[in-house]
file work.txt (compact mmCIF, C-alpha atoms)
# COMPACT_ATOMS: atom_id res chain seq x y z
CA MET A 1 0.73 38.01 9.81
CA MET A 2 4.16 36.66 8.88
CA ILE A 3 4.46 35.71 5.20
CA ILE A 4 6.85 32.81 4.48
CA GLU A 5 8.11 32.51 0.91
CA LEU A 6 9.35 29.18 -0.47
CA ASN A 7 10.95 28.92 -3.90
CA LEU A 8 10.50 25.99 -6.28
CA LEU A 9 13.29 23.81 -4.88
CA GLN A 10 12.33 24.53 -1.27
CA THR A 11 8.72 23.65 -2.04
CA LEU A 12 9.76 20.39 -3.71
CA ALA A 13 12.04 19.50 -0.78
CA LEU A 14 9.19 20.15 1.65
CA ALA A 15 6.92 17.90 -0.44
CA VAL A 16 9.49 15.10 -0.16
CA VAL A 17 9.76 15.58 3.62
CA LEU A 18 5.96 15.35 3.93
CA LEU A 19 5.96 12.25 1.74
CA ILE A 20 8.50 10.61 4.08
CA VAL A 21 6.45 11.64 7.12
CA GLY A 22 3.38 10.09 5.50
CA ARG A 23 5.20 6.82 4.85
CA VAL A 24 6.44 6.60 8.43
CA LEU A 25 2.99 7.32 9.87
CA LYS A 26 1.38 4.78 7.55
CA GLN A 27 3.74 2.11 8.89
CA LYS A 28 3.10 3.11 12.51
CA VAL A 29 -0.67 3.76 12.47
CA ASN A 30 -2.62 0.61 11.61
CA ILE A 31 -5.85 2.32 10.50
CA LEU A 32 -3.97 4.25 7.80
CA GLU A 33 -2.58 1.01 6.40
CA LYS A 34 -5.95 -0.73 6.73
CA PHE A 35 -7.73 1.81 4.55
CA CYS A 36 -4.81 2.11 2.08
CA ILE A 37 -4.45 5.87 2.60
CA PRO A 38 -1.57 7.01 0.33
CA ALA A 39 1.52 8.37 2.08
CA PRO A 40 1.43 11.73 0.25
CA VAL A 41 -2.20 12.17 1.32
CA ILE A 42 -1.26 11.60 4.97
CA GLY A 43 1.66 14.02 4.98
CA GLY A 44 -0.06 16.58 2.75
CA VAL A 45 -3.28 16.69 4.78
CA LEU A 46 -1.37 17.06 8.06
CA PHE A 47 0.53 20.00 6.57
CA ALA A 48 -2.73 21.50 5.26
CA PHE A 49 -4.08 21.48 8.83
CA LEU A 50 -0.88 23.18 10.00
CA THR A 51 -1.31 25.95 7.43
CA LEU A 52 -4.99 26.20 8.44
CA ALA A 53 -3.93 26.81 12.06
CA GLY A 54 -1.47 29.47 10.91
CA TYR A 55 -4.11 31.20 8.77
CA VAL A 56 -6.91 31.12 11.37
CA SER A 57 -4.65 32.33 14.18
CA GLY A 58 -3.09 35.00 12.02
CA ALA A 59 0.38 33.70 12.91
CA PHE A 60 1.71 32.93 9.44
CA GLU A 61 0.86 32.23 5.82
CA LEU A 62 2.91 30.29 3.27
CA ASN A 63 3.49 31.29 -0.33
CA MET A 64 4.93 28.32 -2.21
CA ASP A 65 6.12 27.84 -5.78
CA PHE A 66 4.19 24.93 -7.31
CA GLY A 67 5.79 25.24 -10.74
CA LEU A 68 6.74 21.56 -10.87
CA LYS A 69 3.26 20.30 -10.02
CA THR A 70 1.98 20.41 -13.61
CA VAL A 71 5.08 18.69 -14.98
CA LEU A 72 4.77 15.88 -12.44
CA MET A 73 1.04 15.53 -13.12
CA VAL A 74 1.60 15.23 -16.88
CA ALA A 75 4.42 12.74 -16.29
CA PHE A 76 2.17 10.53 -14.15
CA PHE A 77 -0.76 10.51 -16.57
CA THR A 78 1.66 9.83 -19.40
CA THR A 79 2.72 6.64 -17.62
CA VAL A 80 -0.98 5.77 -17.26
CA GLY A 81 -1.35 6.15 -21.03
CA PHE A 82 1.39 3.57 -21.55
CA THR A 83 -0.86 0.96 -19.90
CA ALA A 84 -3.70 1.36 -22.43
CA SER A 85 -3.12 -1.85 -24.36
CA LEU A 86 -5.79 -2.90 -26.86
CA LYS A 87 -4.17 -6.34 -26.87
CA LEU A 88 -4.87 -6.80 -23.15
CA LEU A 89 -8.39 -5.44 -23.55
CA LYS A 90 -9.07 -7.99 -26.29
CA LYS A 91 -7.55 -10.80 -24.23
CA GLY A 92 -9.85 -9.96 -21.32
CA GLY A 93 -12.83 -10.77 -23.51
CA MET A 94 -16.44 -9.75 -23.13
CA GLN A 95 -16.33 -9.62 -19.32
CA VAL A 96 -13.71 -6.85 -19.36
CA GLY A 97 -15.81 -4.83 -21.80
CA ILE A 98 -18.95 -5.30 -19.71
CA PHE A 99 -17.23 -4.26 -16.48
CA LEU A 100 -15.69 -1.24 -18.22
CA LEU A 101 -19.17 -0.24 -19.40
CA LEU A 102 -20.51 -0.59 -15.83
CA ALA A 103 -17.65 1.55 -14.53
CA LEU A 104 -18.43 4.17 -17.17
CA ILE A 105 -22.14 4.20 -16.24
CA LEU A 106 -21.16 4.72 -12.60
CA VAL A 107 -18.92 7.63 -13.62
CA VAL A 108 -21.85 9.33 -15.36
CA LEU A 109 -24.17 8.73 -12.40
CA GLN A 110 -21.61 10.10 -9.94
CA ASN A 111 -21.46 13.34 -11.91
CA VAL A 112 -25.22 13.56 -12.30
CA VAL A 113 -25.65 13.18 -8.52
CA GLY A 114 -22.91 15.71 -7.79
CA VAL A 115 -24.19 18.37 -10.19
CA SER A 116 -27.83 17.84 -9.17
CA LEU A 117 -27.11 18.25 -5.45
CA ALA A 118 -24.93 21.29 -6.13
CA LYS A 119 -27.92 22.91 -7.84
CA VAL A 120 -30.17 21.97 -4.90
CA PHE A 121 -27.80 23.76 -2.51
CA GLY A 122 -27.37 26.73 -4.84
CA LEU A 123 -23.71 25.96 -5.52
CA ASN A 124 -21.68 26.17 -8.70
CA PRO A 125 -22.31 22.92 -10.66
CA LEU A 126 -18.55 22.49 -10.93
CA ILE A 127 -18.41 22.10 -7.14
CA GLY A 128 -20.76 19.18 -7.74
CA LEU A 129 -18.29 17.75 -10.26
CA ALA A 130 -15.63 18.12 -7.55
CA THR A 131 -17.61 15.57 -5.52
CA GLY A 132 -18.50 13.35 -8.50
CA SER A 133 -16.35 11.01 -10.55
CA THR A 134 -13.40 13.40 -10.36
CA PRO A 135 -12.52 12.38 -6.76
CA MET A 136 -14.57 9.17 -6.56
CA THR A 137 -13.56 7.05 -9.55
CA GLY A 138 -10.63 9.36 -10.31
CA GLY A 139 -9.12 9.66 -6.83
CA HIS A 140 -6.55 12.25 -5.75
CA GLY A 141 -4.66 12.17 -9.05
CA THR A 142 -7.62 13.11 -11.24
CA SER A 143 -8.78 15.60 -8.59
CA GLY A 144 -5.46 17.35 -8.69
CA ALA A 145 -5.65 17.54 -12.48
CA PHE A 146 -9.25 18.70 -13.01
CA ALA A 147 -10.09 20.72 -9.88
CA PRO A 148 -7.80 23.65 -10.84
CA LEU A 149 -9.70 23.80 -14.15
CA PHE A 150 -12.96 24.01 -12.19
CA GLU A 151 -11.52 26.90 -10.18
CA GLN A 152 -10.41 28.68 -13.34
CA ALA A 153 -14.02 28.39 -14.52
CA GLY A 154 -15.25 30.12 -11.35
CA ALA A 155 -15.74 27.28 -8.82
CA THR A 156 -13.81 28.72 -5.88
CA GLY A 157 -12.55 26.05 -3.49
CA ALA A 158 -13.02 23.19 -5.98
CA THR A 159 -9.51 21.84 -5.36
CA THR A 160 -10.01 21.66 -1.61
CA VAL A 161 -13.46 20.07 -2.05
CA ALA A 162 -12.16 17.49 -4.54
CA MET A 163 -9.20 16.50 -2.36
CA ALA A 164 -11.41 16.20 0.73
CA ALA A 165 -13.91 14.13 -1.28
CA ALA A 166 -11.15 11.85 -2.59
CA THR A 167 -9.92 11.18 0.94
CA PHE A 168 -13.48 10.45 2.09
CA GLY A 169 -13.90 8.07 -0.86
CA LEU A 170 -10.77 6.10 0.02
CA ILE A 171 -12.05 5.47 3.53
CA PHE A 172 -15.74 4.93 2.75
CA GLY A 173 -15.09 2.68 -0.24
CA SER A 174 -12.81 0.51 1.88
CA MET A 175 -15.41 0.32 4.65
CA ILE A 176 -18.41 -0.75 2.55
CA GLY A 177 -16.71 -3.17 0.11
CA GLY A 178 -16.23 -6.10 2.47
CA PRO A 179 -19.73 -6.00 4.05
CA ILE A 180 -21.38 -5.76 0.62
CA GLY A 181 -19.36 -8.68 -0.78
CA GLN A 182 -20.00 -10.86 2.27
CA THR A 183 -23.73 -10.10 2.26
CA LEU A 184 -23.99 -11.07 -1.40
CA ILE A 185 -22.12 -14.33 -0.79
CA LYS A 186 -24.27 -15.36 2.17
CA LYS A 187 -27.62 -14.15 0.84
CA ASN A 188 -27.18 -15.97 -2.48
CA GLY A 189 -25.65 -19.14 -1.02
CA LEU A 190 -22.46 -18.76 -3.05
CA MET A 191 -20.24 -20.72 -0.63
CA GLU A 192 -21.36 -23.95 -2.34
CA THR A 193 -19.63 -22.90 -5.59
CA LEU A 194 -16.21 -22.30 -4.04
CA ASP A 195 -14.65 -25.76 -4.48
CA GLY A 196 -14.38 -25.44 -8.27
CA ILE A 197 -13.00 -21.91 -8.05
CA ARG A 198 -10.17 -23.01 -5.74
CA GLU A 199 -8.73 -25.13 -8.55
CA VAL A 200 -8.49 -22.28 -11.10
CA GLU A 201 -4.99 -21.14 -11.99
CA MET A 202 -3.93 -17.50 -12.48
CA GLU A 203 -2.19 -17.95 -15.84
CA GLU A 204 -4.14 -15.04 -17.36
CA THR A 205 -2.48 -12.53 -15.06
CA GLN A 206 1.09 -13.38 -16.02
CA ASP A 207 1.32 -10.65 -18.67
CA ILE A 208 0.25 -7.98 -16.19
CA HIS A 209 2.65 -9.02 -13.44
CA GLU A 210 5.65 -9.80 -15.60
CA VAL A 211 8.81 -8.73 -13.77
CA LYS A 212 12.02 -7.77 -15.53
CA THR A 213 15.41 -7.01 -14.02
CA LEU A 214 15.98 -3.30 -13.56
CA ASP A 215 19.18 -1.78 -14.85
CA GLU A 216 20.53 1.65 -15.72
CA ASP A 217 19.96 1.26 -19.45
CA ARG A 218 16.30 0.24 -19.09
CA LEU A 219 15.61 3.10 -16.66
CA THR A 220 17.25 5.58 -19.01
CA TRP A 221 15.20 4.38 -21.99
CA ALA A 222 12.04 4.49 -19.90
CA ALA A 223 12.71 8.15 -19.07
CA PHE A 224 13.32 8.87 -22.77
CA GLN A 225 10.04 7.20 -23.76
CA ILE A 226 8.07 9.18 -21.18
CA ILE A 227 9.61 12.48 -22.29
CA ILE A 228 8.96 11.74 -25.98
CA ALA A 229 5.29 10.98 -25.20
CA MET A 230 4.97 14.17 -23.14
CA GLY A 231 6.44 16.22 -25.98
CA ALA A 232 4.28 14.59 -28.64
CA GLY A 233 1.31 15.06 -26.34
CA THR A 234 1.62 18.84 -26.51
CA LEU A 235 0.94 18.65 -30.26
CA ILE A 236 -2.10 16.42 -29.71
CA SER A 237 -3.38 18.80 -27.03
CA LYS A 238 -3.08 21.74 -29.44
CA LEU A 239 -5.17 19.85 -31.98
CA LEU A 240 -7.80 19.08 -29.32
CA THR A 241 -8.12 22.76 -28.40
CA LEU A 242 -9.28 23.44 -31.97
CA THR A 243 -12.58 21.76 -31.00
CA GLY A 244 -13.30 24.72 -28.71
CA MET A 245 -13.61 22.43 -25.68
CA THR A 246 -11.50 22.54 -22.53
CA PHE A 247 -9.26 19.53 -21.90
CA PRO A 248 -6.87 18.75 -19.03
CA VAL A 249 -3.26 19.51 -19.89
CA TYR A 250 -2.26 15.85 -19.65
CA ILE A 251 -4.77 14.40 -22.11
CA GLY A 252 -2.54 14.76 -25.18
CA ALA A 253 0.35 13.01 -23.45
CA MET A 254 -1.96 10.15 -22.43
CA PHE A 255 -3.04 9.66 -26.04
CA ALA A 256 0.55 9.82 -27.28
CA ALA A 257 1.61 7.23 -24.70
CA ALA A 258 -1.32 4.97 -25.63
CA ILE A 259 -0.30 5.10 -29.29
CA MET A 260 3.29 4.23 -28.36
CA ARG A 261 2.09 1.34 -26.17
CA ASN A 262 0.13 -0.25 -28.99
CA LEU A 263 3.01 0.23 -31.42
CA ALA A 264 5.18 -1.61 -28.89
CA ASP A 265 2.57 -4.37 -28.67
CA ALA A 266 2.98 -4.70 -32.44
CA LYS A 267 6.69 -5.40 -31.79
CA LEU A 268 7.87 -2.16 -33.42
CA PHE A 269 10.03 -1.32 -30.40
CA ASP A 270 10.65 -2.45 -26.83
CA LEU A 271 8.59 -0.57 -24.26
CA LYS A 272 10.17 -0.41 -20.79
CA SER A 273 6.84 -0.96 -19.01
CA ARG A 274 8.14 -1.88 -15.55
CA GLU A 275 10.52 1.06 -15.43
CA ILE A 276 7.86 3.44 -16.74
CA ALA A 277 5.58 2.30 -13.90
CA ILE A 278 8.31 3.17 -11.38
CA PHE A 279 8.65 6.68 -12.78
CA GLY A 280 4.85 6.93 -12.65
CA ASP A 281 4.76 6.03 -8.97
CA ILE A 282 7.42 8.62 -8.16
CA SER A 283 5.68 11.32 -10.19
CA LEU A 284 2.30 10.60 -8.60
CA SER A 285 3.69 10.64 -5.06
CA LEU A 286 5.41 13.99 -5.56
CA PHE A 287 2.44 15.47 -7.42
CA LEU A 288 -0.02 14.46 -4.69
CA SER A 289 2.26 15.75 -1.95
CA LEU A 290 2.52 19.13 -3.70
CA ALA A 291 -1.23 19.26 -4.44
CA LEU A 292 -2.31 18.42 -0.89
CA MET A 293 0.16 20.64 0.94
CA GLY A 294 -1.32 23.57 -0.97
CA LEU A 295 -4.89 22.94 0.20
CA LYS A 296 -6.71 25.91 1.71
CA LEU A 297 -8.96 24.14 4.20
CA TRP A 298 -10.58 27.36 5.35
CA GLN A 299 -12.42 27.39 2.03
CA LEU A 300 -14.49 24.40 3.24
CA ALA A 301 -16.17 26.37 6.05
CA SER A 302 -19.11 27.60 3.98
CA LEU A 303 -19.51 24.22 2.26
CA ALA A 304 -19.40 21.95 5.31
CA GLY A 305 -23.11 21.04 5.47
CA PRO A 306 -23.75 20.57 1.73
CA LEU A 307 -20.45 18.72 1.33
CA VAL A 308 -21.41 16.10 3.94
CA VAL A 309 -24.73 15.46 2.20
CA MET A 310 -23.11 15.25 -1.24
CA LEU A 311 -20.44 12.81 -0.08
CA LEU A 312 -22.92 10.57 1.74
CA ALA A 313 -25.05 10.53 -1.42
CA GLN A 314 -22.02 9.35 -3.39
CA GLY A 315 -21.45 6.60 -0.83
CA LEU A 316 -25.05 5.42 -1.09
CA LEU A 317 -24.86 5.47 -4.89
CA MET A 318 -21.71 3.35 -4.87
CA GLY A 319 -23.10 0.82 -2.42
CA ALA A 320 -26.40 0.44 -4.28
CA PHE A 321 -24.67 0.23 -7.67
CA ALA A 322 -22.27 -2.49 -6.52
CA TYR A 323 -25.00 -4.49 -4.77
CA PHE A 324 -27.76 -4.32 -7.37
CA ILE A 325 -25.98 -3.63 -10.68
CA THR A 326 -22.39 -4.89 -10.62
CA PHE A 327 -23.29 -8.20 -8.96
CA ASN A 328 -26.23 -8.99 -11.22
CA ILE A 329 -24.64 -7.95 -14.50
CA MET A 330 -21.30 -9.67 -13.81
CA GLY A 331 -22.92 -13.08 -13.34
CA LYS A 332 -24.53 -13.37 -9.87
CA ASP A 333 -21.81 -15.81 -8.78
CA TYR A 334 -18.95 -15.76 -6.26
CA GLU A 335 -16.65 -13.95 -8.73
CA ALA A 336 -19.34 -11.29 -9.23
CA ALA A 337 -19.64 -10.83 -5.46
CA VAL A 338 -15.88 -10.29 -5.17
CA MET A 339 -15.97 -7.83 -8.09
CA SER A 340 -18.80 -5.93 -6.40
CA CYS A 341 -16.68 -5.71 -3.28
CA GLY A 342 -13.72 -4.45 -5.33
CA HIS A 343 -15.85 -2.01 -7.32
CA CYS A 344 -16.56 -0.14 -4.08
CA GLY A 345 -12.82 0.29 -3.65
CA PHE A 346 -11.91 1.75 -7.01
CA GLY A 347 -15.30 3.39 -7.65
CA MET A 348 -14.74 5.58 -4.58
CA GLY A 349 -11.00 5.55 -4.23
CA ALA A 350 -8.36 3.74 -6.24
CA THR A 351 -7.45 0.34 -7.64
CA PRO A 352 -5.21 -0.53 -4.63
CA ASN A 353 -8.28 -0.11 -2.41
CA ALA A 354 -10.20 -2.44 -4.69
CA MET A 355 -7.42 -5.02 -4.48
CA ALA A 356 -7.34 -4.66 -0.68
CA ASN A 357 -11.13 -5.14 -0.52
CA MET A 358 -11.04 -8.23 -2.71
CA GLY A 359 -7.97 -9.57 -0.93
CA ALA A 360 -9.69 -9.41 2.45
CA LEU A 361 -12.80 -11.16 1.10
CA SER A 362 -10.74 -13.82 -0.74
CA GLU A 363 -8.71 -14.50 2.37
CA LYS A 364 -11.90 -15.39 4.22
CA TYR A 365 -13.40 -17.50 1.42
CA THR A 366 -11.19 -18.32 -1.58
CA PHE A 367 -9.32 -16.68 -4.43
CA ALA A 368 -11.38 -15.24 -7.32
CA PRO A 369 -9.10 -15.34 -10.40
CA ARG A 370 -11.56 -13.74 -12.82
CA ALA A 371 -12.22 -10.83 -10.47
CA PHE A 372 -8.50 -10.30 -9.83
CA PHE A 373 -7.87 -10.20 -13.59
CA ILE A 374 -10.78 -8.03 -14.74
CA LEU A 375 -10.94 -5.35 -12.06
CA PRO A 376 -7.30 -4.20 -12.07
CA LEU A 377 -7.29 -4.34 -15.88
CA VAL A 378 -10.22 -1.91 -16.01
CA GLY A 379 -9.33 0.09 -12.89
CA SER A 380 -5.68 0.61 -13.73
CA LEU A 381 -5.63 0.67 -17.52
CA PHE A 382 -8.85 1.90 -19.09
CA ILE A 383 -11.10 3.79 -16.67
CA ASP A 384 -8.89 6.90 -16.57
CA PHE A 385 -9.48 7.53 -20.28
CA ALA A 386 -13.22 7.05 -19.91
CA ASN A 387 -13.47 9.13 -16.75
CA ALA A 388 -11.45 12.01 -18.21
CA SER A 389 -13.74 12.07 -21.25
CA VAL A 390 -16.91 12.18 -19.14
CA ILE A 391 -15.55 14.84 -16.78
CA THR A 392 -14.49 16.95 -19.77
CA PHE A 393 -18.00 16.67 -21.21
CA PHE A 394 -19.66 17.76 -17.96
CA MET A 395 -17.07 20.49 -17.38
CA ASN A 396 -17.74 22.03 -20.79
CA MET A 397 -21.48 21.71 -20.28
CA PHE A 398 -21.54 23.56 -16.96
CA GLY A 399 -18.27 25.53 -16.98
call {"tool": "encode", "arguments": {"input": "work.txt", "output": "structure tokens"}}
result
Amino acid sequence: MMIIELNLLQTLALAVVLLIVGRVLKQKVNILEKFCIPAPVIGGVLFAFLTLAGYVSGAFELNMDFGLKTVLMVAFFTTVGFTASLKLLKKGGMQVGIFLLLALILVVLQNVVGVSLAKVFGLNPLIGLATGSTPMTGGHGTSGAFAPLFEQAGATGATTVAMAAATFGLIFGSMIGGPIGQTLIKKNGLMETLDGIREVEMEETQDIHEVKTLDEDRLTWAAFQIIIAMGAGTLISKLLTLTGMTFPVYIGAMFAAAIMRNLADAKLFDLKSREIAIFGDISLSLFLSLALMGLKLWQLASLAGPLVVMLLAQGLLMGAFAYFITFNIMGKDYEAAVMSCGHCGFGMGATPNAMANMGALSEKYTFAPRAFFILPLVGSLFIDFANASVITFFMNMFG
């Protein structure tokens, strides 16, 4: 077998090429756009199948230097930390808190289902976590962060399982959201309440979507703020290790960024939020491309049957939770139906999938301002902290 060695820069360049390929294919293939499959996932998975063919045929094997993957992962989750505004949480009121609690309950249930089924099939419980909230609520980003820790704890193939599960979640969550929302609307006769909703303005979302002009100075300061948070985060992470528990490497940086965000909300300094978000998008794209191109798909062979059952169970859990719990707790009205539809998107994939789900439903009926304010606030700003905490608890319990 021919062994191909790629150094750090060559590996990064290849990741960028795969990212570009993914973007082109997403534009050309309608189904990829429909289900909001991220470009790095498309390019990375295609490359993973190429390396699978090389491995199975004995033609070649790639050894790549993924030294930048951790740096990019920490950078992305640092930018997530900068979104954790207590001011916005307070502004959202009781409904935001209730939906965050529901999302947290779902996270716990996803891990209970994953670990329980792993035990039924005689698998490492951490493989169950790799099909639980790590890929479902967490998506590819959280999978790429936690799955290597599962492998270090003895769960061989956890990264491949988590990435496969995250891709399944993106597709399945997008497929079931619309039908669930529409069924709730029709079954409960919610069309009669739409006239009043059509008149509601979206003033509450102005703070989230505020756009500022980009310039060199703002981008430079944004980079400085991210780096400072990452550096301060290493100190916080060291303090957390004194508890004796295992934490993901990015958790300290997330806390540091959250502290900086709330200091900025107190007008102590100007946070370059829009520019930080841009750096976050770049970091996530490169991190995912690197994580997915390194998948060893041949490790799924022995897990194929159990993995299908575990993923279908997660899909059933999400559908039932959105239909019976999210809808009823969030008010049993049209807004609640739209939120249930969106919950399927980010509960099994990512916030963009939730927005796509709700957008499709709103296009057919009418806009749901409360749903479009609450769900992205929870899905984009607060659930990552909650999910990371729950995963860490389960990981230390079964690792």
call {"tool": "closest_atom_pairs", "arguments": {"input": "work.txt", "of": "segment 248-329 of chain A", "to": "segment 368-386 of chain A", "cutoff": "12 Å", "atoms": "all atoms listed in the file", "output": "tab-separated table"}}
result
residue	atom	partner	partner_atom	distance
A:Pro248	CA	A:Phe385	CA	11.6
A:Tyr250	CA	A:Phe385	CA	11.0
A:Ile251	CA	A:Phe385	CA	8.5
A:Gly252	CA	A:Phe385	CA	11.2
A:Ala253	CA	A:Phe385	CA	11.7
A:Met254	CA	A:Phe385	CA	8.2
A:Phe255	CA	A:Phe385	CA	8.9
A:Ala257	CA	A:Phe385	CA	11.9
A:Ala258	CA	A:Phe385	CA	10.1
A:Arg261	CA	A:Leu381	CA	11.6
A:Ala277	CA	A:Ser380	CA	11.4
A:Thr326	CA	A:Leu375	CA	11.5
A:Phe327	CA	A:Ala371	CA	11.5
call {"tool": "residues_around", "arguments": {"input": "work.txt", "residues": "segment 216-225 of chain A", "least_positions_apart": "2", "cutoff": "8 Å", "atoms": "all atoms listed in the file", "output": "list in words"}}
result
Leu214, Ile227, Ile228, Ala229, Leu271, Lys272, Ser273, Glu275, Ile276 and Phe279 of chain A
call {"tool": "atom_distance", "arguments": {"input": "work.txt", "atom1": "atom CA of Asn111 of chain A", "atom2": "atom CA of Thr392 of chain A"}}
result
11.1 Å
call {"tool": "atom_distance", "arguments": {"input": "work.txt", "atom1": "atom CA of Ile4 of chain A", "atom2": "atom CA of Pro40 of chain A"}}
result
22.2 Å
call {"tool": "atom_distance", "arguments": {"input": "work.txt", "atom1": "atom CA of Ala59 of chain A", "atom2": "atom CA of Met2 of chain A"}}
result
6.3 Å
